[in-house]
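Working notes for the structure below.
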Amino acid sequence: MKMFKKLMAVALAGVMALVVLTGCAASVNKKELVALLSDFDSIGSNKVEYKETSKDQANKVIDLVQKAYNNTKDEEKANFDPMDALRDKEIENNWDNRYKLYPEVKKALGIDDKTEDEYSFAIVELKKYSSQYNQDHATTVLATDVLNARKTLNHVNAEGNNGTVSINTVTLGSTEYLVVVFKVVA
């Protein structure tokens, strides 16, 4: 009986360790995130219903982010901002230039002056919350963060109500980021 209790104690400790370690990673409920992005985007004048598509477009942005991160000096990596790293610093950041700030992203996604669909993207840190309330509402907070960080890459009057989102994650150093590429079909 003593041996059984010891084995059960070891097994329970193993299960608890597994639960704790599993709980450390930020998880993304993509289906809920896409639904929230659709809901939040419909608050304006044009309701867009997003559907998740392949990770291909997000992966193209991730390739650029990883390249920028790898080219960052070690002492500066702790303050690395992926959105800022992708912005062309030679272009003045103002209203008139807002669609010109991310030429490498546009190039990677194949966006040019003839592109009829509207594209935008966002990169946000996946946060780990300690409070139960924030854990329960993490996807809503994440959707809000994504929409706040979102940058439009081209200006077309895409008044369609169908869109796609390409979603993937990337870990840079010890920080995990969510990359979202939006496409509103013209």
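Chain labels follow the order of the structure tokens: the first chain is A, the next B, and so on; residue numbering restarts at 1 in every chain, and ligands are counted from 1 in their shown order.
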
- Which neighbours of Ala122 in chain A fall inside 8 Å, counting only C-alpha atoms, when residues of the same chain fewer than 5 positions from it are skipped, and could you give them as an NGL selection string? :A and (83 or 146-147 or 149-151 or 179-181)

Could you write out that same residue set with C-alpha atoms as a PDB file, in the first residue's frame?
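Final file, selection-v9.pdb:
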```pdb
ATOM      1  CA  MET A  83       6.150  46.229 -36.459  1.00  0.00           C
ATOM      2  CA  VAL A 146      -4.528  43.110 -33.299  1.00  0.00           C
ATOM      3  CA  LEU A 147      -6.946  45.768 -34.520  1.00  0.00           C
ATOM      4  CA  ALA A 149      -1.726  47.429 -34.245  1.00  0.00           C
ATOM      5  CA  ARG A 150      -3.184  46.854 -37.727  1.00  0.00           C
ATOM      6  CA  LYS A 151      -1.552  48.778 -40.586  1.00  0.00           C
ATOM      7  CA  VAL A 179       1.104  37.626 -37.013  1.00  0.00           C
ATOM      8  CA  VAL A 180      -2.161  38.373 -38.828  1.00  0.00           C
ATOM      9  CA  VAL A 181      -2.502  39.329 -42.497  1.00  0.00           C
TER      10      VAL A 181
END
```

- Message: Nearest residue to Glu104 in chain A out of A:Ala58, A:Ala143, A:Leu86, A:Ile167, using only C-alpha atoms?
- Response: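 Once distances to Glu104 in chain A are computed over only C-alpha atoms, the minimum belongs to A:Leu86.
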
- Task: Give the helix (DSSP H, G or I) residues of range 10-176 of chain A, as DSSP finds them on the backbone, and put them as a PyMOL selection string.
- Result: chain A and resi 10-24+30-41+56-70+74-79+82-86+95-97+103-109+132-136+138-149

- Query: chain A: which residues are strand (DSSP E or B) by DSSP, as a PyMOL selection string?
  - Reply: chain A and resi 49-52+118-125+151-152+162-172+175-184

- Task: Rank nothing, just name the residue among A:Arg87, A:Ser120, A:Thr72, A:Lys183 nearest to Thr164 in chain A, using only C-alpha atoms.
- Result: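 Between A:Arg87, A:Ser120, A:Thr72, A:Lys183, the residue approaching Thr164 in chain A most closely is A:Lys183.
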
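Among the candidate residues A:His155, A:Lys47, A:Lys89, A:Lys60, the one lying nearest to Glu116 in chain A is A:His155, with distances computed using only C-alpha atoms.
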
- By how many Å are CA of Val156 in chain A and CA of Glu118 in chain A apart?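 Straight-line distance from CA of Val156 in chain A to CA of Glu118 in chain A works out to 5.9 Å.
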
- Among listed residues A:Gln66, A:Thr152, A:Tyr129, A:Thr171, nearest Tyr99 in chain A (using only C-alpha atoms):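 Checking each of A:Gln66, A:Thr152, A:Tyr129, A:Thr171 against Tyr99 in chain A, counting only C-alpha atoms, the winner is A:Thr152.
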
- Message: Calculated over only C-alpha atoms, which of the candidates A:Val105, A:Ile62, A:Leu126, A:Leu172 has the smallest distance to Phe80 in chain A?
- Response: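 Of all the options, A:Leu172 lies closest to Phe80 in chain A.
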
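Contact shell of range 31-42 of chain A at 8 Å (only C-alpha atoms; same-chain neighbours under 4 positions omitted): Asn46, Lys47, Val48, Glu49, Tyr50, Lys51, Glu52, Thr139, Thr140, Leu142, Ala143, Leu147 and Val165 of chain A.
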
For the residues selected in the previous step, produce a file with C-alpha atoms as a PDB file, in the first residue's frame.
```pdb
ATOM      1  CA  ASN A  46     -18.591  48.078 -43.849  1.00  0.00           C
ATOM      2  CA  LYS A  47     -19.254  44.674 -42.319  1.00  0.00           C
ATOM      3  CA  VAL A  48     -16.530  42.222 -43.265  1.00  0.00           C
ATOM      4  CA  GLU A  49     -16.913  38.526 -42.556  1.00  0.00           C
ATOM      5  CA  TYR A  50     -13.443  37.007 -42.237  1.00  0.00           C
ATOM      6  CA  LYS A  51     -12.519  33.391 -42.816  1.00  0.00           C
ATOM      7  CA  GLU A  52      -9.194  31.890 -41.829  1.00  0.00           C
ATOM      8  CA  THR A 139      -8.969  36.234 -27.041  1.00  0.00           C
ATOM      9  CA  THR A 140     -11.027  39.431 -26.814  1.00  0.00           C
ATOM     10  CA  LEU A 142      -5.899  39.805 -28.334  1.00  0.00           C
ATOM     11  CA  ALA A 143      -8.415  40.803 -31.023  1.00  0.00           C
ATOM     12  CA  LEU A 147      -6.946  45.768 -34.520  1.00  0.00           C
ATOM     13  CA  VAL A 165      -7.036  36.299 -42.362  1.00  0.00           C
TER      14      VAL A 165
END
```

- Query: Smallest atom-to-atom distance to Lys106 in chain A: which of A:Ser174, A:Asn94, A:Leu64, A:Asp74, using only C-alpha atoms?
  - Reply: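 Ranked by minimum distance to Lys106 in chain A, first place goes to A:Leu64.
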
- May I ask for the distance between CA of Leu101 in chain A and CA of Asn70 in chain A, given in Å to one decimal place?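 Value for the CA of Leu101 in chain A-CA of Asn70 in chain A distance: 21.0 Å.
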
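Going from CA of Asn154 in chain A to CA of Tyr119 in chain A covers 6.1 Å.
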